[in-house]
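S.K.: This is query.cif, which holds mmCIF, C-alpha atoms:
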```cif
data_model
loop_
_atom_site.label_atom_id
_atom_site.label_comp_id
_atom_site.auth_asym_id
_atom_site.auth_seq_id
_atom_site.Cartn_x
_atom_site.Cartn_y
_atom_site.Cartn_z
CA MET A 1 31.76 -45.40 -92.34
CA LYS A 2 33.92 -45.12 -89.28
CA LEU A 3 32.97 -48.52 -87.87
CA LEU A 4 34.31 -50.26 -90.98
CA GLU A 5 37.36 -48.03 -91.36
CA ASP A 6 38.34 -48.73 -87.75
CA ARG A 7 37.95 -52.45 -88.32
CA ILE A 8 40.08 -52.39 -91.48
CA ALA A 9 42.76 -50.38 -89.67
CA LYS A 10 42.69 -52.85 -86.76
CA ASP A 11 42.43 -56.22 -88.56
CA GLY A 12 43.34 -55.64 -92.20
CA ILE A 13 46.75 -56.92 -93.29
CA ILE A 14 48.53 -55.09 -96.09
CA TYR A 15 50.88 -56.84 -98.48
CA GLU A 16 53.06 -55.44 -101.25
CA GLY A 17 51.22 -54.93 -104.52
CA ASN A 18 48.20 -53.20 -102.96
CA VAL A 19 46.84 -56.44 -101.54
CA LEU A 20 44.58 -56.00 -98.51
CA LYS A 21 43.72 -59.16 -96.59
CA VAL A 22 40.48 -58.88 -94.62
CA ASP A 23 39.88 -62.61 -94.28
CA SER A 24 39.27 -62.35 -90.57
CA PHE A 25 36.02 -60.38 -90.84
CA LEU A 26 34.98 -59.81 -94.47
CA ASN A 27 35.53 -62.67 -96.88
CA HIS A 28 36.50 -65.94 -95.19
CA GLN A 29 35.32 -65.46 -91.64
CA LEU A 30 32.37 -63.06 -91.86
CA ASP A 31 31.58 -60.82 -88.89
CA ILE A 32 27.83 -60.97 -89.46
CA PRO A 33 26.91 -58.52 -86.66
CA LEU A 34 29.26 -56.02 -88.40
CA PHE A 35 27.65 -56.86 -91.76
CA SER A 36 24.30 -56.02 -90.22
CA GLU A 37 25.53 -52.52 -89.36
CA LEU A 38 26.91 -52.10 -92.90
CA ALA A 39 23.58 -53.25 -94.35
CA LYS A 40 21.62 -50.81 -92.18
CA GLU A 41 23.82 -47.99 -93.48
CA LEU A 42 23.04 -49.07 -97.07
CA VAL A 43 19.31 -49.05 -96.23
CA ARG A 44 19.75 -45.48 -94.94
CA LEU A 45 21.71 -44.39 -98.02
CA PHE A 46 19.28 -45.93 -100.53
CA ALA A 47 16.06 -45.10 -98.66
CA GLY A 48 13.23 -44.16 -101.00
CA CYS A 49 14.84 -45.74 -104.07
CA GLY A 50 12.27 -48.53 -104.22
CA ILE A 51 14.83 -51.31 -104.17
CA ASN A 52 13.13 -54.69 -104.49
CA LYS A 53 16.09 -56.90 -105.43
CA ILE A 54 19.73 -57.27 -104.41
CA LEU A 55 22.22 -58.56 -106.98
CA THR A 56 25.73 -59.83 -106.29
CA ILE A 57 28.28 -62.33 -107.61
CA GLU A 58 29.53 -65.56 -106.09
CA ALA A 59 31.18 -66.24 -103.76
CA SER A 60 32.49 -63.46 -101.55
CA GLY A 61 29.64 -61.00 -102.25
CA ILE A 62 26.93 -63.39 -101.07
CA GLY A 63 27.31 -62.81 -97.33
CA LEU A 64 26.91 -59.03 -97.36
CA ALA A 65 24.25 -59.23 -100.10
CA SER A 66 22.22 -61.69 -97.98
CA ILE A 67 22.34 -59.46 -94.89
CA ALA A 68 21.51 -56.41 -97.02
CA ALA A 69 18.53 -58.25 -98.52
CA TYR A 70 17.41 -59.11 -95.00
CA HIS A 71 17.37 -55.44 -94.00
CA PHE A 72 15.79 -54.32 -97.30
CA GLY A 73 13.23 -57.13 -96.89
CA CYS A 74 13.68 -58.37 -100.46
CA PRO A 75 15.12 -61.32 -102.38
CA MET A 76 18.74 -61.58 -103.44
CA VAL A 77 20.10 -63.02 -106.69
CA PHE A 78 23.70 -64.00 -107.16
CA ALA A 79 25.40 -64.20 -110.55
CA LYS A 80 27.16 -67.50 -111.08
CA LYS A 81 30.50 -68.03 -112.71
CA ALA A 82 29.55 -69.93 -115.84
CA LYS A 83 30.84 -73.25 -116.91
CA THR A 84 30.67 -73.52 -120.69
CA SER A 85 27.89 -76.05 -120.39
CA ASN A 86 25.38 -73.73 -118.73
CA LEU A 87 25.28 -70.87 -121.24
CA SER A 88 21.76 -70.82 -122.69
CA PRO A 89 19.20 -68.38 -124.08
CA ASP A 90 17.53 -68.39 -120.66
CA LEU A 91 20.51 -66.59 -119.13
CA TYR A 92 21.82 -63.04 -119.10
CA THR A 93 25.59 -63.25 -119.52
CA ALA A 94 28.53 -60.89 -119.19
CA ARG A 95 32.27 -61.32 -119.61
CA VAL A 96 34.35 -60.34 -116.59
CA HIS A 97 38.11 -59.85 -116.60
CA SER A 98 40.03 -60.75 -113.45
CA TYR A 99 43.13 -58.59 -112.94
CA THR A 100 44.05 -60.80 -109.98
CA HIS A 101 44.11 -64.00 -112.01
CA GLY A 102 44.72 -62.55 -115.50
CA THR A 103 41.76 -64.44 -116.92
CA ASP A 104 38.32 -63.79 -118.40
CA HIS A 105 35.20 -65.61 -117.34
CA ASP A 106 31.49 -65.38 -118.00
CA ILE A 107 28.93 -64.68 -115.31
CA VAL A 108 25.29 -65.63 -115.70
CA VAL A 109 21.91 -64.81 -114.18
CA SER A 110 18.70 -66.61 -115.08
CA LYS A 111 16.28 -64.36 -116.99
CA ALA A 112 13.53 -65.61 -114.71
CA TYR A 113 14.89 -63.68 -111.72
CA LEU A 114 15.58 -60.18 -113.06
CA GLY A 115 13.36 -58.06 -115.27
CA ALA A 116 11.81 -54.67 -116.06
CA GLU A 117 9.72 -54.76 -112.87
CA ASP A 118 12.84 -54.71 -110.66
CA THR A 119 14.81 -51.91 -109.03
CA VAL A 120 18.21 -53.34 -108.22
CA LEU A 121 20.94 -52.62 -105.71
CA ILE A 122 24.22 -54.31 -106.63
CA ILE A 123 26.35 -55.38 -103.66
CA ASP A 124 29.96 -56.49 -103.54
CA ASP A 125 32.68 -56.74 -100.94
CA PHE A 126 35.43 -54.98 -102.95
CA LEU A 127 35.69 -52.40 -105.71
CA ALA A 128 39.08 -51.93 -107.37
CA MET A 129 39.18 -51.91 -111.18
CA GLY A 130 35.42 -52.36 -111.31
CA GLU A 131 35.35 -55.37 -113.61
CA ALA A 132 32.85 -57.41 -111.58
CA LEU A 133 30.58 -54.38 -111.16
CA ARG A 134 30.67 -53.67 -114.88
CA GLY A 135 29.55 -57.23 -115.57
CA LEU A 136 26.72 -57.01 -113.05
CA ILE A 137 25.63 -53.60 -114.41
CA SER A 138 25.54 -55.07 -117.92
CA ILE A 139 23.26 -57.84 -116.68
CA VAL A 140 20.92 -55.32 -115.03
CA GLN A 141 20.81 -53.34 -118.30
CA GLN A 142 20.09 -56.49 -120.35
CA SER A 143 17.20 -57.29 -118.03
CA GLY A 144 15.52 -53.89 -118.38
CA ALA A 145 15.56 -53.44 -114.59
CA ALA A 146 16.28 -50.06 -113.01
CA LEU A 147 19.66 -49.75 -111.30
CA ALA A 148 19.45 -47.83 -108.03
CA GLY A 149 23.21 -48.09 -107.52
CA CYS A 150 25.99 -50.15 -106.03
CA GLY A 151 26.77 -50.71 -102.35
CA ILE A 152 30.38 -51.71 -101.69
CA ALA A 153 32.14 -52.58 -98.46
CA ILE A 154 35.70 -51.54 -99.39
CA GLU A 155 36.73 -49.40 -102.37
CA LYS A 156 40.37 -49.10 -103.34
CA ALA A 157 39.88 -45.50 -104.41
CA PHE A 158 43.45 -45.30 -105.72
CA GLN A 159 42.38 -47.66 -108.51
CA GLN A 160 40.13 -46.31 -111.21
CA GLY A 161 37.06 -48.56 -111.18
CA GLY A 162 34.88 -46.39 -108.94
CA LYS A 163 35.91 -43.15 -110.65
CA LEU A 164 35.09 -44.44 -114.14
CA LEU A 165 31.73 -45.88 -113.13
CA ARG A 166 30.72 -42.66 -111.32
CA GLU A 167 31.64 -40.68 -114.46
CA GLN A 168 29.21 -42.90 -116.34
CA GLY A 169 26.47 -41.87 -113.92
CA VAL A 170 26.38 -44.99 -111.75
CA ARG A 171 25.68 -44.24 -108.09
CA ILE A 172 28.29 -45.99 -105.97
CA GLU A 173 28.25 -45.93 -102.20
CA SER A 174 31.40 -47.43 -100.70
CA LEU A 175 31.36 -47.79 -96.93
CA ALA A 176 35.14 -47.47 -96.68
CA ARG A 177 37.26 -45.78 -99.36
CA ILE A 178 40.99 -46.39 -99.20
CA GLU A 179 43.08 -43.50 -100.45
CA SER A 180 46.42 -45.25 -100.02
CA MET A 181 47.88 -48.29 -98.31
CA ASP A 182 51.36 -49.51 -97.64
CA PRO A 183 52.75 -52.37 -95.53
CA LYS A 184 54.91 -49.91 -93.57
CA ARG A 185 52.89 -46.70 -93.45
CA GLY A 186 49.48 -48.33 -93.06
CA ILE A 187 46.16 -47.17 -94.52
CA THR A 188 44.66 -43.76 -95.13
CA PHE A 189 40.98 -43.36 -95.98
CA CYS A 190 39.42 -40.76 -98.28
CA MET B 1 8.95 -77.42 -91.47
CA LYS B 2 5.68 -76.87 -93.25
CA LEU B 3 6.59 -73.41 -94.59
CA LEU B 4 9.55 -74.84 -96.52
CA GLU B 5 7.75 -78.03 -97.61
CA ASP B 6 4.91 -75.95 -99.04
CA ARG B 7 7.37 -73.76 -100.91
CA ILE B 8 9.20 -76.77 -102.37
CA ALA B 9 5.88 -78.31 -103.44
CA LYS B 10 4.83 -75.01 -105.05
CA ASP B 11 8.05 -73.85 -106.73
CA GLY B 12 10.41 -76.82 -106.89
CA ILE B 13 10.86 -78.40 -110.30
CA ILE B 14 11.60 -82.12 -110.48
CA TYR B 15 13.68 -83.64 -113.24
CA GLU B 16 14.50 -87.26 -114.01
CA GLY B 17 17.46 -88.59 -112.00
CA ASN B 18 16.26 -87.20 -108.66
CA VAL B 19 17.20 -83.64 -109.59
CA LEU B 20 15.24 -80.98 -107.71
CA LYS B 21 15.59 -77.43 -109.01
CA VAL B 22 14.90 -74.80 -106.38
CA ASP B 23 16.72 -71.96 -108.14
CA SER B 24 13.79 -69.60 -107.73
CA PHE B 25 14.04 -69.34 -103.93
CA LEU B 26 16.99 -71.32 -102.53
CA ASN B 27 20.19 -71.25 -104.55
CA HIS B 28 20.20 -68.70 -107.36
CA GLN B 29 17.48 -66.29 -106.36
CA LEU B 30 17.36 -66.43 -102.55
CA ASP B 31 14.10 -65.64 -100.75
CA ILE B 32 15.82 -63.99 -97.80
CA PRO B 33 12.62 -63.38 -95.77
CA LEU B 34 12.00 -67.16 -96.07
CA PHE B 35 15.64 -67.82 -95.08
CA SER B 36 15.04 -65.73 -91.98
CA GLU B 37 12.17 -68.02 -90.93
CA LEU B 38 14.37 -71.10 -91.57
CA ALA B 39 17.15 -69.55 -89.49
CA LYS B 40 14.80 -68.78 -86.60
CA GLU B 41 13.72 -72.43 -86.61
CA LEU B 42 17.39 -73.49 -86.40
CA VAL B 43 17.87 -71.11 -83.46
CA ARG B 44 14.89 -72.79 -81.77
CA LEU B 45 16.18 -76.31 -82.49
CA PHE B 46 19.73 -75.60 -81.31
CA ALA B 47 18.83 -73.37 -78.36
CA GLY B 48 21.14 -73.90 -75.38
CA CYS B 49 23.90 -75.55 -77.42
CA GLY B 50 26.27 -72.61 -77.01
CA ILE B 51 26.81 -72.15 -80.74
CA ASN B 52 29.31 -69.35 -81.37
CA LYS B 53 30.26 -70.06 -84.99
CA ILE B 54 28.48 -71.06 -88.20
CA LEU B 55 30.41 -73.06 -90.81
CA THR B 56 29.38 -73.64 -94.41
CA ILE B 57 30.91 -74.16 -97.87
CA GLU B 58 30.92 -71.87 -100.88
CA ALA B 59 28.90 -70.94 -102.75
CA SER B 60 25.30 -72.02 -102.28
CA GLY B 61 25.52 -72.50 -98.51
CA ILE B 62 26.64 -68.93 -97.81
CA GLY B 63 23.22 -67.26 -98.00
CA LEU B 64 21.47 -69.44 -95.42
CA ALA B 65 24.59 -69.57 -93.25
CA SER B 66 24.78 -65.76 -93.21
CA ILE B 67 21.15 -65.37 -92.19
CA ALA B 68 21.56 -68.11 -89.58
CA ALA B 69 24.64 -66.34 -88.18
CA TYR B 70 22.61 -63.14 -88.01
CA HIS B 71 19.95 -64.82 -85.85
CA PHE B 72 22.52 -66.67 -83.72
CA GLY B 73 24.44 -63.37 -83.36
CA CYS B 74 27.78 -64.96 -84.24
CA PRO B 75 30.36 -64.99 -87.04
CA MET B 76 30.19 -67.29 -90.03
CA VAL B 77 33.09 -69.04 -91.77
CA PHE B 78 32.84 -70.55 -95.22
CA ALA B 79 35.13 -73.27 -96.47
CA LYS B 80 36.66 -72.45 -99.83
CA LYS B 81 37.20 -74.77 -102.72
CA ALA B 82 40.97 -74.97 -102.90
CA LYS B 83 43.12 -74.17 -105.84
CA THR B 84 46.32 -76.17 -105.64
CA SER B 85 48.25 -73.00 -104.91
CA ASN B 86 46.55 -72.18 -101.63
CA LEU B 87 47.11 -75.42 -99.71
CA SER B 88 49.34 -74.53 -96.76
CA PRO B 89 50.04 -75.58 -93.17
CA ASP B 90 47.83 -72.68 -92.05
CA LEU B 91 44.76 -74.43 -93.46
CA TYR B 92 42.51 -77.27 -92.40
CA THR B 93 41.77 -79.31 -95.52
CA ALA B 94 39.38 -82.07 -96.49
CA ARG B 95 38.77 -83.95 -99.71
CA VAL B 96 35.18 -83.83 -100.98
CA HIS B 97 33.75 -86.05 -103.70
CA SER B 98 31.07 -84.59 -105.96
CA TYR B 99 28.59 -87.21 -107.19
CA THR B 100 27.04 -84.53 -109.43
CA HIS B 101 30.27 -83.78 -111.26
CA GLY B 102 32.12 -87.05 -110.68
CA THR B 103 35.17 -85.22 -109.35
CA ASP B 104 37.12 -84.76 -106.11
CA HIS B 105 38.18 -81.41 -104.77
CA ASP B 106 39.77 -80.07 -101.62
CA ILE B 107 38.07 -77.61 -99.31
CA VAL B 108 40.02 -75.41 -96.94
CA VAL B 109 39.45 -73.30 -93.83
CA SER B 110 42.10 -71.07 -92.28
CA LYS B 111 43.24 -72.38 -88.90
CA ALA B 112 42.92 -68.84 -87.56
CA TYR B 113 39.12 -68.96 -87.68
CA LEU B 114 38.22 -72.29 -86.09
CA GLY B 115 39.59 -73.79 -82.88
CA ALA B 116 38.99 -75.58 -79.59
CA GLU B 117 37.14 -72.56 -78.17
CA ASP B 118 34.36 -72.88 -80.76
CA THR B 119 31.01 -74.65 -80.77
CA VAL B 120 30.01 -75.01 -84.39
CA LEU B 121 26.77 -75.36 -86.31
CA ILE B 122 27.34 -76.51 -89.89
CA ILE B 123 24.83 -75.16 -92.41
CA ASP B 124 24.15 -76.23 -95.98
CA ASP B 125 21.34 -75.91 -98.47
CA PHE B 126 21.20 -79.59 -99.50
CA LEU B 127 22.01 -82.97 -98.01
CA ALA B 128 22.03 -85.98 -100.34
CA MET B 129 25.04 -88.31 -100.17
CA GLY B 130 26.57 -86.19 -97.41
CA GLU B 131 29.97 -85.66 -99.00
CA ALA B 132 30.16 -81.90 -98.35
CA LEU B 133 29.00 -82.39 -94.74
CA ARG B 134 31.60 -85.11 -94.16
CA GLY B 135 34.31 -82.71 -95.36
CA LEU B 136 33.06 -79.92 -93.10
CA ILE B 137 32.76 -82.30 -90.12
CA SER B 138 36.35 -83.43 -90.71
CA ILE B 139 37.48 -79.80 -90.61
CA VAL B 140 35.62 -79.21 -87.33
CA GLN B 141 37.27 -82.32 -85.88
CA GLN B 142 40.74 -81.23 -87.05
CA SER B 143 40.20 -77.86 -85.34
CA GLY B 144 39.27 -79.34 -81.96
CA ALA B 145 36.00 -77.39 -81.95
CA ALA B 146 32.80 -78.92 -80.62
CA LEU B 147 30.21 -79.81 -83.25
CA ALA B 148 26.68 -78.96 -82.13
CA GLY B 149 25.22 -80.40 -85.31
CA CYS B 150 24.17 -79.65 -88.85
CA GLY B 151 21.28 -77.50 -90.04
CA ILE B 152 20.11 -78.33 -93.57
CA ALA B 153 17.40 -76.76 -95.69
CA ILE B 154 16.50 -79.77 -97.87
CA GLU B 155 17.48 -83.39 -97.25
CA LYS B 156 16.97 -86.00 -99.93
CA ALA B 157 16.14 -88.63 -97.33
CA PHE B 158 15.97 -91.37 -99.98
CA GLN B 159 19.73 -91.02 -100.36
CA GLN B 160 21.94 -92.30 -97.60
CA GLY B 161 24.01 -89.31 -96.46
CA GLY B 162 21.81 -88.23 -93.57
CA LYS B 163 21.22 -91.79 -92.38
CA LEU B 164 24.92 -92.66 -92.26
CA LEU B 165 25.90 -89.45 -90.49
CA ARG B 166 23.15 -89.85 -87.87
CA GLU B 167 24.35 -93.43 -87.26
CA GLN B 168 27.76 -91.92 -86.50
CA GLY B 169 26.17 -89.74 -83.84
CA VAL B 170 26.03 -86.45 -85.74
CA ARG B 171 22.94 -84.40 -84.96
CA ILE B 172 21.30 -83.38 -88.23
CA GLU B 173 18.26 -81.15 -88.40
CA SER B 174 16.82 -80.92 -91.90
CA LEU B 175 13.99 -78.44 -92.31
CA ALA B 176 12.44 -80.42 -95.17
CA ARG B 177 13.08 -84.13 -95.70
CA ILE B 178 12.07 -85.55 -99.06
CA GLU B 179 10.95 -89.17 -98.95
CA SER B 180 10.45 -89.51 -102.68
CA MET B 181 10.15 -87.36 -105.76
CA ASP B 182 9.12 -87.96 -109.32
CA PRO B 183 8.44 -85.62 -112.27
CA LYS B 184 4.94 -87.11 -112.65
CA ARG B 185 3.87 -88.01 -109.13
CA GLY B 186 5.45 -85.03 -107.39
CA ILE B 187 7.07 -84.93 -103.96
CA THR B 188 6.33 -86.67 -100.69
CA PHE B 189 7.96 -85.52 -97.45
CA CYS B 190 8.97 -87.71 -94.50
#
```
Would you kindly transcribe this structure into structure tokens?
M.R.:
Amino acid sequence: MKLLEDRIAKDGIIYEGNVLKVDSFLNHQLDIPLFSELAKELVRLFAGCGINKILTIEASGIGLASIAAYHFGCPMVFAKKAKTSNLSPDLYTARVHSYTHGTDHDIVVSKAYLGAEDTVLIIDDFLAMGEALRGLISIVQQSGAALAGCGIAIEKAFQQGGKLLREQGVRIESLARIESMDPKRGITFC
Amino acid sequence: MKLLEDRIAKDGIIYEGNVLKVDSFLNHQLDIPLFSELAKELVRLFAGCGINKILTIEASGIGLASIAAYHFGCPMVFAKKAKTSNLSPDLYTARVHSYTHGTDHDIVVSKAYLGAEDTVLIIDDFLAMGEALRGLISIVQQSGAALAGCGIAIEKAFQQGGKLLREQGVRIESLARIESMDPKRGITFC
């Protein structure tokens, strides 16, 4: 989506180690009018899929997921990062590995809010190795809900998460797909 | 706001110790069409205040703050819970005490995203003792921005946070104010 690519090229800051900082509009300050355009594009892409629930993970997915849910006219559920104390039989759980922090953590969704009657669109701000998405997809599968697909703001397409998930048949729509990035040479999009 | 009071009375679950669970529509599953009505009411209440930025705190404030920012047509910034490693001179910081968890933590906002040119509406889902709001207000004051006020979904008016902040001259608009609640007798609103 050119609007998002242009914004990343203008305001994204690239650091060594394939780190892209988009704090100024995506995940600390949120340019909500921009999010609204991204959400409308997701509505267009997933038209006719019968989506009745948006699923994301705290914290940085919640903004885009909320605006997407507004445009889809449906509720949104966010998976919480579990503290040991709140694992219970009333929760779907999945283990998520963080390559950024080198740690594993559990994410949870109450069984009351996702079930076989739902058709789910998963939303997240970034897709790189795909660990968070895999956890959310596992939770959708545990619930018996149908998965319409995943809507992502920025995919680091040079990492393998998106490729592997697409090979498994998951529909992934990334609004900007980065082919390569470098502090000196800048960004190229797929 | 009757719409929200009715929803709390219908779907809120009261536990001993003044715990109100509103997971089904406010802070785990989010009823975004309801949030949109709450946000429109905040736009009505704060009309003419020149609000150009919404401020909240991760994670449960982000949903309502995003939908509010959509209706105000402005960006939203969320304060992050700091890990020790990301305290820096580029950040506004405030210490917040959690009565729920009995712990203190620091919240941070990048100085790049809040300044003297801003007129801020703080948004949060709950107001009880007011600790999170006090932290966010401190950050607004550090930044030199003007504070238009605070928009809250549910205030536990039997706790003192809202009262003390109003006595200090902070404008607080809570869309539902709970006078008392009890697992057997239910909820009364102010």
S.K.: Counting all atoms listed in the file, which residues from chain A have an atom at most 7 Å from any atom of chain B, and could you show them as a VMD selection string?
M.R.: chain A and resid 28 to 33 58 to 59 62 to 63 66 to 67 69 to 70 73 to 78 113
S.K.: For B:Gly144, which residue out of B:Tyr92, B:Ser180, B:Asp124, B:Ile107 is the nearest one, using only C-alpha atoms?
M.R.: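 Looking at the shortest contact to B:Gly144, the residue is B:Tyr92.
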S.K.: Excluding A:Ala94 and any residue of its chain fewer than 3 positions from it, enumerate the residues within 7 Å of it, using all atoms listed in the file, and give them as a count of residues only.
M.R.: 6
S.K.: Name the closest residue to B:Ala116 among the candidates B:Gln159, B:Thr56, B:Ser143, B:Thr188; distances are taken between atoms, counting only C-alpha atoms.
M.R.: B:Ser143
S.K.: Record the distance separating atom CA of B:Cys150 and atom CA of B:Asn52, expressed in Å with one decimal.
M.R.: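 Spanning atom CA of B:Cys150 to atom CA of B:Asn52 is a straight-line distance of 13.7 Å.
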S.K.: Run the PyMOL selection byres ((chain B and resi 147) around 8) against the file shown and list the residues it catches, as a ChimeraX atom specification.
M.R.: /B:119-122,137,140-141,145-146,148-149
S.K.: So how far away is atom CA of B:Gln142 from atom CA of B:Thr93, in Å?
M.R.: 8.7 Å
S.K.: Can you tell me how far atom CA of B:Leu20 sits from atom CA of B:Phe189, in Å to one decimal?
M.R.: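 Going from atom CA of B:Leu20 over to atom CA of B:Phe189, I get 13.4 Å.
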S.K.: For this structure, which residues satisfy the selection - the PyMOL selection byres ((chain A and resi 9) around 12) - when it is evaluated on the file as given? I want them as a ChimeraX atom specification.
M.R.: /A:2-8,10-14,20-22,176,178,181-183,185-189
S.K.: Using only C-alpha atoms, determine which residues lie at most 12 Å from B:Arg166, disregarding the query and same-chain residues fewer than 4 positions distant; provide the list as a VMD selection string.
M.R.: chain B and resid 130 133 to 134 149 to 150 157 160 to 162 170 to 174
S.K.: Restricted to C-alpha atoms, what would the selected residues look like written as a PDB file, in the coordinates of the input?
M.R.:
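And here is the file that came out, selection00.pdb:
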```
ATOM      1  CA  GLY B 130      26.570 -86.190 -97.410  1.00  0.00           C
ATOM      2  CA  LEU B 133      29.000 -82.390 -94.740  1.00  0.00           C
ATOM      3  CA  ARG B 134      31.600 -85.110 -94.160  1.00  0.00           C
ATOM      4  CA  GLY B 149      25.220 -80.400 -85.310  1.00  0.00           C
ATOM      5  CA  CYS B 150      24.170 -79.650 -88.850  1.00  0.00           C
ATOM      6  CA  ALA B 157      16.140 -88.630 -97.330  1.00  0.00           C
ATOM      7  CA  GLN B 160      21.940 -92.300 -97.600  1.00  0.00           C
ATOM      8  CA  GLY B 161      24.010 -89.310 -96.460  1.00  0.00           C
ATOM      9  CA  GLY B 162      21.810 -88.230 -93.570  1.00  0.00           C
ATOM     10  CA  VAL B 170      26.030 -86.450 -85.740  1.00  0.00           C
ATOM     11  CA  ARG B 171      22.940 -84.400 -84.960  1.00  0.00           C
ATOM     12  CA  ILE B 172      21.300 -83.380 -88.230  1.00  0.00           C
ATOM     13  CA  GLU B 173      18.260 -81.150 -88.400  1.00  0.00           C
ATOM     14  CA  SER B 174      16.820 -80.920 -91.900  1.00  0.00           C
TER      15      SER B 174
END
```
S.K.: Assuming the input is short of atoms at stretch 76-82 of chain B, produce all heavy atoms for that part as a PDB file, in the coordinates of the input.
M.R.:
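The file below, selection24.pdb, is the result:
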```
ATOM      1  N   MET B  76      30.348 -66.159 -89.123  1.00  0.00           N
ATOM      2  CA  MET B  76      30.190 -67.290 -90.030  1.00  0.00           C
ATOM      3  C   MET B  76      31.511 -67.473 -90.773  1.00  0.00           C
ATOM      4  O   MET B  76      32.171 -66.487 -91.111  1.00  0.00           O
ATOM      5  CB  MET B  76      29.054 -66.995 -91.011  1.00  0.00           C
ATOM      6  CG  MET B  76      28.725 -68.126 -91.969  1.00  0.00           C
ATOM      7  SD  MET B  76      29.708 -68.132 -93.464  1.00  0.00           S
ATOM      8  CE  MET B  76      28.769 -67.002 -94.484  1.00  0.00           C
ATOM      9  N   VAL B  77      31.898 -68.721 -90.986  1.00  0.00           N
ATOM     10  CA  VAL B  77      33.090 -69.040 -91.770  1.00  0.00           C
ATOM     11  C   VAL B  77      32.666 -69.915 -92.929  1.00  0.00           C
ATOM     12  O   VAL B  77      31.879 -70.842 -92.737  1.00  0.00           O
ATOM     13  CB  VAL B  77      34.141 -69.788 -90.912  1.00  0.00           C
ATOM     14  CG1 VAL B  77      35.318 -70.246 -91.770  1.00  0.00           C
ATOM     15  CG2 VAL B  77      34.628 -68.922 -89.755  1.00  0.00           C
ATOM     16  N   PHE B  78      33.134 -69.589 -94.127  1.00  0.00           N
ATOM     17  CA  PHE B  78      32.840 -70.550 -95.220  1.00  0.00           C
ATOM     18  C   PHE B  78      34.110 -71.199 -95.724  1.00  0.00           C
ATOM     19  O   PHE B  78      35.133 -70.543 -95.938  1.00  0.00           O
ATOM     20  CB  PHE B  78      32.006 -69.919 -96.351  1.00  0.00           C
ATOM     21  CG  PHE B  78      32.646 -68.842 -97.170  1.00  0.00           C
ATOM     22  CD1 PHE B  78      33.364 -69.159 -98.314  1.00  0.00           C
ATOM     23  CD2 PHE B  78      32.494 -67.506 -96.838  1.00  0.00           C
ATOM     24  CE1 PHE B  78      33.931 -68.164 -99.103  1.00  0.00           C
ATOM     25  CE2 PHE B  78      33.057 -66.501 -97.618  1.00  0.00           C
ATOM     26  CZ  PHE B  78      33.779 -66.830 -98.743  1.00  0.00           C
ATOM     27  N   ALA B  79      34.034 -72.513 -95.884  1.00  0.00           N
ATOM     28  CA  ALA B  79      35.130 -73.270 -96.470  1.00  0.00           C
ATOM     29  C   ALA B  79      35.215 -72.925 -97.951  1.00  0.00           C
ATOM     30  O   ALA B  79      34.201 -72.788 -98.630  1.00  0.00           O
ATOM     31  CB  ALA B  79      34.891 -74.766 -96.296  1.00  0.00           C
ATOM     32  N   LYS B  80      36.446 -72.775 -98.419  1.00  0.00           N
ATOM     33  CA  LYS B  80      36.660 -72.450 -99.830  1.00  0.00           C
ATOM     34  C   LYS B  80      37.088 -73.686-100.588  1.00  0.00           C
ATOM     35  O   LYS B  80      37.731 -74.576-100.031  1.00  0.00           O
ATOM     36  CB  LYS B  80      37.752 -71.371 -99.935  1.00  0.00           C
ATOM     37  CG  LYS B  80      37.385 -70.095 -99.199  1.00  0.00           C
ATOM     38  CD  LYS B  80      38.362 -68.975 -99.479  1.00  0.00           C
ATOM     39  CE  LYS B  80      37.913 -67.718 -98.742  1.00  0.00           C
ATOM     40  NZ  LYS B  80      38.474 -66.488 -99.277  1.00  0.00           N
ATOM     41  N   LYS B  81      36.703 -73.714-101.851  1.00  0.00           N
ATOM     42  CA  LYS B  81      37.200 -74.770-102.720  1.00  0.00           C
ATOM     43  C   LYS B  81      38.616 -74.415-103.095  1.00  0.00           C
ATOM     44  O   LYS B  81      38.881 -73.347-103.631  1.00  0.00           O
ATOM     45  CB  LYS B  81      36.290 -74.907-103.939  1.00  0.00           C
ATOM     46  CG  LYS B  81      34.930 -75.487-103.536  1.00  0.00           C
ATOM     47  CD  LYS B  81      33.883 -75.407-104.617  1.00  0.00           C
ATOM     48  CE  LYS B  81      32.541 -75.905-104.048  1.00  0.00           C
ATOM     49  NZ  LYS B  81      31.400 -75.616-104.927  1.00  0.00           N
ATOM     50  N   ALA B  82      39.547 -75.306-102.791  1.00  0.00           N
ATOM     51  CA  ALA B  82      40.970 -74.970-102.900  1.00  0.00           C
ATOM     52  C   ALA B  82      41.436 -75.006-104.337  1.00  0.00           C
ATOM     53  O   ALA B  82      41.045 -75.880-105.112  1.00  0.00           O
ATOM     54  CB  ALA B  82      41.783 -75.939-102.079  1.00  0.00           C
TER      55      ALA B  82
END
```
